[in-house]
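Quick notes on the structure that follows.
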2 protein chains.
Amino acid sequence: MKHFQAGDYLHSVPIIVSEQSIIEFAQEYDPQAFHLNAIDAARTMFKGLIASGWHTSAVSMRLFVDTMNMPGGIIGLGVDELRFPTPVRPGDELRLGINIVEARRSKSRAGASIIRVRNVTTNQRGEVVQSLYASAMLPGKEASE
Amino acid sequence: MKHFQAGDYLHSVPIIVSEQSIIEFAQEYDPQAFHLNAIDAARTMFKGLIASGWHTSAVSMRLFVDTMNMPGGIIGLGVDELRFPTPVRPGDELRLGINIVEARRSKSRAGASIIRVRNVTTNQRGEVVQSLYASAMLPGKEASE
């Protein structure tokens, strides 16, 4: 099992967020004019289609899971200070930076560790589209036994 | 436009989270064994399939948007203390309770108001599956002009 320590930094590959995925997510989970179609969105304060913040979070989670690549999984314990300083727009290319702020062994579960991360998602211009602090358990290989 | 004040409470209709929706969300955004299929999930510490926390958040957002029912929309400004005390499992029936903690006029945008909410999502047994604090702008009718 991989071990992390405070100060470790990982970064993801890029992922492109398509107009179709923005609209499909919004139809299911956040049906508001500025997320649903480009024509209505052009008449809102955003002057065009933007992704739901929860869609940005979901895409960022995909980058987090793929980049951490933990065989036993990553179990979220909580998220703090979730912010969306810049909206995600169709065709944006997102990348995730993962800062391990803290890492320790779990007191309650043998073989598991607890990490605290500061994750920052940026677009192709380097603008921050999401930032958060999160705590997670890395159960280790034992989780799947 | 509706006006809210501190102390207001709203609650949503129920929504059922299907096994298929849990798996589809996980395939796209959180591909981990305990979210992807019931057989692998049975061998994890969760002893069965559970929804991604971000899926629980997305479903809760849908309930929030539908229940608030603001013609000008709801624009999230940030989320704090996002927690998932109990996992969501296939067939769970979720409800959202919305507590308006604070409500004031926007200083920067005429006609808009800013609210702070404490949202709690519960399952059919009354267990809390998600809680959060969030700030949001209600732009009013002007948002779509």
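By convention in this document, the chains of the structure tokens carry letters A, B, ... by their order, each chain's residues are numbered from 1, and ligands are numbered from 1 in the order they are shown.
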Counting only C-alpha atoms, give me one row per residue of chain A with an atom at most 7 Å from an atom of chain B, showing the shortest contact pair and its distance in Å to one decimal, sorted by chain then residue number, as CSV.
```
residue,atom,partner,partner_atom,distance
A:Tyr29,CA,B:Arg62,CA,4.6
A:Asp30,CA,B:Arg62,CA,5.3
A:Gln32,CA,B:Gly73,CA,6.2
A:Arg43,CA,B:Ser144,CA,5.4
A:Thr44,CA,B:Ser144,CA,4.5
A:Met45,CA,B:Ala143,CA,5.7
A:Trp54,CA,B:Ala58,CA,6.1
A:Ala58,CA,B:Tyr29,CA,5.5
A:Val59,CA,B:Tyr29,CA,5.9
A:Met61,CA,B:Tyr29,CA,6.3
A:Arg62,CA,B:Tyr29,CA,4.6
A:Val65,CA,B:Asp30,CA,6.7
A:Gly73,CA,B:Gln32,CA,6.2
A:Leu77,CA,B:Arg83,CA,6.9
A:Gly78,CA,B:Arg83,CA,4.8
A:Val79,CA,B:Leu82,CA,5.0
A:Asp80,CA,B:Asp80,CA,4.9
A:Glu81,CA,B:Asp80,CA,5.0
A:Leu82,CA,B:Val79,CA,5.0
A:Arg83,CA,B:Gly78,CA,4.8
A:Phe84,CA,B:Gly78,CA,6.8
A:Ala143,CA,B:Thr44,CA,5.1
A:Ser144,CA,B:Thr44,CA,4.5
A:Glu145,CA,B:Arg43,CA,5.9
```
Written file, previous selection with C-alpha atoms, as a PDB file, in the first residue's frame:
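Saved result, again.pdb, follows:
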```pdb
ATOM      1  CA  TYR A  29     -29.483  17.167 -10.472  1.00  0.00           C
ATOM      2  CA  ASP A  30     -29.519  20.951 -10.940  1.00  0.00           C
ATOM      3  CA  GLN A  32     -31.549  25.768 -13.616  1.00  0.00           C
ATOM      4  CA  ARG A  43     -29.678  35.731 -20.897  1.00  0.00           C
ATOM      5  CA  THR A  44     -28.505  35.162 -17.312  1.00  0.00           C
ATOM      6  CA  MET A  45     -25.791  36.987 -15.383  1.00  0.00           C
ATOM      7  CA  TRP A  54     -21.876  19.883  -7.914  1.00  0.00           C
ATOM      8  CA  ALA A  58     -18.112  15.268  -9.272  1.00  0.00           C
ATOM      9  CA  VAL A  59     -15.553  15.722 -12.068  1.00  0.00           C
ATOM     10  CA  MET A  61     -13.759  13.542  -7.490  1.00  0.00           C
ATOM     11  CA  ARG A  62     -13.151  11.458 -10.600  1.00  0.00           C
ATOM     12  CA  VAL A  65      -9.908   8.813  -7.366  1.00  0.00           C
ATOM     13  CA  GLY A  73     -10.439   2.860  -2.090  1.00  0.00           C
ATOM     14  CA  LEU A  77     -15.147  11.614   5.903  1.00  0.00           C
ATOM     15  CA  GLY A  78     -16.124  15.213   5.290  1.00  0.00           C
ATOM     16  CA  VAL A  79     -15.556  18.316   3.176  1.00  0.00           C
ATOM     17  CA  ASP A  80     -14.919  21.874   4.314  1.00  0.00           C
ATOM     18  CA  GLU A  81     -14.634  25.228   2.594  1.00  0.00           C
ATOM     19  CA  LEU A  82     -15.928  24.038  -0.766  1.00  0.00           C
ATOM     20  CA  ARG A  83     -15.669  27.061  -3.080  1.00  0.00           C
ATOM     21  CA  PHE A  84     -16.235  27.741  -6.786  1.00  0.00           C
ATOM     22  CA  ALA A 143     -11.180  -2.979   2.915  1.00  0.00           C
ATOM     23  CA  SER A 144     -11.914  -5.506   0.230  1.00  0.00           C
ATOM     24  CA  GLU A 145     -11.457  -8.639   2.325  1.00  0.00           C
TER      25      GLU A 145
END
```
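Chain copies chain A and chain B align, over all their C-alpha atoms in order, to a least-squares RMSD of 0.0 Å.
Here the DSSP assignment of strand (DSSP E or B), based on backbone atoms, applies within segment 26-95 of chain B to Ile75, Gly76, Leu77, Gly78, Val79, Asp80, Glu81, Leu82, Arg83, Glu93, Leu94 and Arg95 of chain B.
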Neighbouring residues of Arg89 of chain B were defined as those with any atom within 9 Å, considering only C-alpha atoms; residues of the same chain fewer than 4 positions away were excluded. Please report them as number ranges by chain. B: 17-19, 22, 48-51
Secondary structure check, alpha helix (DSSP H) residues of segment 21-83 of chain B, as a PDB file with N, CA and C atoms, in the first residue's frame:
```pdb
ATOM      1  N   SER B  21     -29.089   4.284 -10.561  1.00  0.00           N
ATOM      2  CA  SER B  21     -28.562   5.654 -10.537  1.00  0.00           C
ATOM      3  C   SER B  21     -27.272   5.729  -9.717  1.00  0.00           C
ATOM      4  N   ILE B  22     -27.186   4.920  -8.648  1.00  0.00           N
ATOM      5  CA  ILE B  22     -25.953   4.868  -7.847  1.00  0.00           C
ATOM      6  C   ILE B  22     -24.787   4.389  -8.711  1.00  0.00           C
ATOM      7  N   ILE B  23     -25.042   3.326  -9.477  1.00  0.00           N
ATOM      8  CA  ILE B  23     -23.980   2.729 -10.305  1.00  0.00           C
ATOM      9  C   ILE B  23     -23.588   3.658 -11.457  1.00  0.00           C
ATOM     10  N   GLU B  24     -24.586   4.255 -12.107  1.00  0.00           N
ATOM     11  CA  GLU B  24     -24.285   5.152 -13.231  1.00  0.00           C
ATOM     12  C   GLU B  24     -23.480   6.366 -12.783  1.00  0.00           C
ATOM     13  N   PHE B  25     -23.840   6.938 -11.642  1.00  0.00           N
ATOM     14  CA  PHE B  25     -23.074   8.083 -11.132  1.00  0.00           C
ATOM     15  C   PHE B  25     -21.643   7.657 -10.838  1.00  0.00           C
ATOM     16  N   ALA B  26     -21.492   6.500 -10.206  1.00  0.00           N
ATOM     17  CA  ALA B  26     -20.159   6.020  -9.820  1.00  0.00           C
ATOM     18  C   ALA B  26     -19.291   5.730 -11.035  1.00  0.00           C
ATOM     19  N   GLN B  27     -19.888   5.134 -12.073  1.00  0.00           N
ATOM     20  CA  GLN B  27     -19.101   4.834 -13.282  1.00  0.00           C
ATOM     21  C   GLN B  27     -18.500   6.097 -13.876  1.00  0.00           C
ATOM     22  N   GLU B  28     -19.242   7.182 -13.788  1.00  0.00           N
ATOM     23  CA  GLU B  28     -18.780   8.437 -14.390  1.00  0.00           C
ATOM     24  C   GLU B  28     -17.858   9.216 -13.451  1.00  0.00           C
ATOM     25  N   TYR B  29     -18.188   9.246 -12.155  1.00  0.00           N
ATOM     26  CA  TYR B  29     -17.550  10.228 -11.275  1.00  0.00           C
ATOM     27  C   TYR B  29     -16.818   9.661 -10.060  1.00  0.00           C
ATOM     28  N   ALA B  33     -15.087   0.326  -5.727  1.00  0.00           N
ATOM     29  CA  ALA B  33     -15.796  -0.955  -5.600  1.00  0.00           C
ATOM     30  C   ALA B  33     -17.119  -0.831  -4.835  1.00  0.00           C
ATOM     31  N   PHE B  34     -17.108  -0.043  -3.738  1.00  0.00           N
ATOM     32  CA  PHE B  34     -18.320   0.032  -2.895  1.00  0.00           C
ATOM     33  C   PHE B  34     -19.443   0.860  -3.525  1.00  0.00           C
ATOM     34  N   HIS B  35     -19.142   1.532  -4.674  1.00  0.00           N
ATOM     35  CA  HIS B  35     -20.169   2.297  -5.393  1.00  0.00           C
ATOM     36  C   HIS B  35     -20.578   1.647  -6.714  1.00  0.00           C
ATOM     37  N   LEU B  36     -19.794   0.684  -7.207  1.00  0.00           N
ATOM     38  CA  LEU B  36     -19.943   0.243  -8.599  1.00  0.00           C
ATOM     39  C   LEU B  36     -20.814  -0.985  -8.812  1.00  0.00           C
ATOM     40  N   ALA B  38     -22.941  -4.466  -6.612  1.00  0.00           N
ATOM     41  CA  ALA B  38     -23.368  -5.018  -5.324  1.00  0.00           C
ATOM     42  C   ALA B  38     -22.471  -6.167  -4.866  1.00  0.00           C
ATOM     43  N   ILE B  39     -21.948  -6.938  -5.801  1.00  0.00           N
ATOM     44  CA  ILE B  39     -21.160  -8.121  -5.429  1.00  0.00           C
ATOM     45  C   ILE B  39     -19.805  -7.709  -4.849  1.00  0.00           C
ATOM     46  N   ASP B  40     -19.091  -6.816  -5.556  1.00  0.00           N
ATOM     47  CA  ASP B  40     -17.819  -6.337  -5.019  1.00  0.00           C
ATOM     48  C   ASP B  40     -18.050  -5.546  -3.722  1.00  0.00           C
ATOM     49  N   ALA B  41     -19.120  -4.766  -3.693  1.00  0.00           N
ATOM     50  CA  ALA B  41     -19.392  -3.923  -2.523  1.00  0.00           C
ATOM     51  C   ALA B  41     -19.660  -4.767  -1.274  1.00  0.00           C
ATOM     52  N   ALA B  42     -20.225  -5.957  -1.472  1.00  0.00           N
ATOM     53  CA  ALA B  42     -20.528  -6.833  -0.334  1.00  0.00           C
ATOM     54  C   ALA B  42     -19.259  -7.267   0.398  1.00  0.00           C
ATOM     55  N   GLY B  53     -20.718   9.885  -1.967  1.00  0.00           N
ATOM     56  CA  GLY B  53     -21.149  11.082  -1.234  1.00  0.00           C
ATOM     57  C   GLY B  53     -21.524  12.211  -2.179  1.00  0.00           C
ATOM     58  N   TRP B  54     -20.791  12.320  -3.291  1.00  0.00           N
ATOM     59  CA  TRP B  54     -21.085  13.390  -4.263  1.00  0.00           C
ATOM     60  C   TRP B  54     -22.401  13.133  -4.982  1.00  0.00           C
ATOM     61  N   HIS B  55     -22.808  11.868  -5.075  1.00  0.00           N
ATOM     62  CA  HIS B  55     -24.132  11.554  -5.623  1.00  0.00           C
ATOM     63  C   HIS B  55     -25.214  11.995  -4.631  1.00  0.00           C
ATOM     64  N   THR B  56     -24.991  11.702  -3.369  1.00  0.00           N
ATOM     65  CA  THR B  56     -25.920  12.163  -2.327  1.00  0.00           C
ATOM     66  C   THR B  56     -26.053  13.690  -2.372  1.00  0.00           C
ATOM     67  N   SER B  57     -24.926  14.369  -2.590  1.00  0.00           N
ATOM     68  CA  SER B  57     -24.959  15.840  -2.691  1.00  0.00           C
ATOM     69  C   SER B  57     -25.757  16.292  -3.907  1.00  0.00           C
ATOM     70  N   ALA B  58     -25.576  15.586  -5.020  1.00  0.00           N
ATOM     71  CA  ALA B  58     -26.262  15.958  -6.258  1.00  0.00           C
ATOM     72  C   ALA B  58     -27.778  15.764  -6.111  1.00  0.00           C
ATOM     73  N   VAL B  59     -28.169  14.630  -5.521  1.00  0.00           N
ATOM     74  CA  VAL B  59     -29.602  14.379  -5.289  1.00  0.00           C
ATOM     75  C   VAL B  59     -30.173  15.429  -4.327  1.00  0.00           C
ATOM     76  N   SER B  60     -29.406  15.775  -3.311  1.00  0.00           N
ATOM     77  CA  SER B  60     -29.858  16.793  -2.356  1.00  0.00           C
ATOM     78  C   SER B  60     -30.004  18.151  -3.030  1.00  0.00           C
ATOM     79  N   MET B  61     -29.119  18.450  -3.998  1.00  0.00           N
ATOM     80  CA  MET B  61     -29.226  19.720  -4.737  1.00  0.00           C
ATOM     81  C   MET B  61     -30.509  19.741  -5.541  1.00  0.00           C
ATOM     82  N   ARG B  62     -30.837  18.599  -6.162  1.00  0.00           N
ATOM     83  CA  ARG B  62     -32.090  18.533  -6.919  1.00  0.00           C
ATOM     84  C   ARG B  62     -33.292  18.845  -6.029  1.00  0.00           C
ATOM     85  N   LEU B  63     -33.290  18.271  -4.822  1.00  0.00           N
ATOM     86  CA  LEU B  63     -34.385  18.530  -3.883  1.00  0.00           C
ATOM     87  C   LEU B  63     -34.387  20.005  -3.457  1.00  0.00           C
ATOM     88  N   PHE B  64     -33.200  20.581  -3.293  1.00  0.00           N
ATOM     89  CA  PHE B  64     -33.073  21.987  -2.888  1.00  0.00           C
ATOM     90  C   PHE B  64     -33.650  22.913  -3.968  1.00  0.00           C
ATOM     91  N   VAL B  65     -33.240  22.688  -5.210  1.00  0.00           N
ATOM     92  CA  VAL B  65     -33.703  23.531  -6.324  1.00  0.00           C
ATOM     93  C   VAL B  65     -35.222  23.415  -6.485  1.00  0.00           C
ATOM     94  N   ASP B  66     -35.729  22.177  -6.449  1.00  0.00           N
ATOM     95  CA  ASP B  66     -37.167  21.969  -6.643  1.00  0.00           C
ATOM     96  C   ASP B  66     -37.982  22.578  -5.502  1.00  0.00           C
ATOM     97  N   THR B  67     -37.468  22.481  -4.282  1.00  0.00           N
ATOM     98  CA  THR B  67     -38.226  22.947  -3.116  1.00  0.00           C
ATOM     99  C   THR B  67     -38.185  24.478  -3.004  1.00  0.00           C
ATOM    100  N   MET B  68     -37.021  25.063  -3.257  1.00  0.00           N
ATOM    101  CA  MET B  68     -36.913  26.525  -3.205  1.00  0.00           C
ATOM    102  C   MET B  68     -37.726  27.154  -4.342  1.00  0.00           C
TER     103      MET B  68
END
```
May I have the residues within 8 Å of Arg116 of chain B as a ChimeraX atom specification, using only C-alpha atoms and disregarding those fewer than 3 positions away in the same chain? /B:100-103,133-136
Contact residues around Ser108 of chain A with only C-alpha atoms at 12 Å, ignoring same-chain residues under 4 positions, as a ChimeraX atom specification: /A:104,112-114,137,139
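Rounded to one decimal, atom CA of Arg118 of chain B and atom CA of Leu138 of chain B lie 15.8 Å from each other.
Contact shell of Val128 of chain A at 10 Å (only C-alpha atoms; same-chain neighbours under 5 positions omitted): Arg83, Phe84, Pro85, Thr86, Pro87, Val88, Leu94, Arg95, Leu96, Val120, Thr121, Thr122 and Asn123 of chain A.
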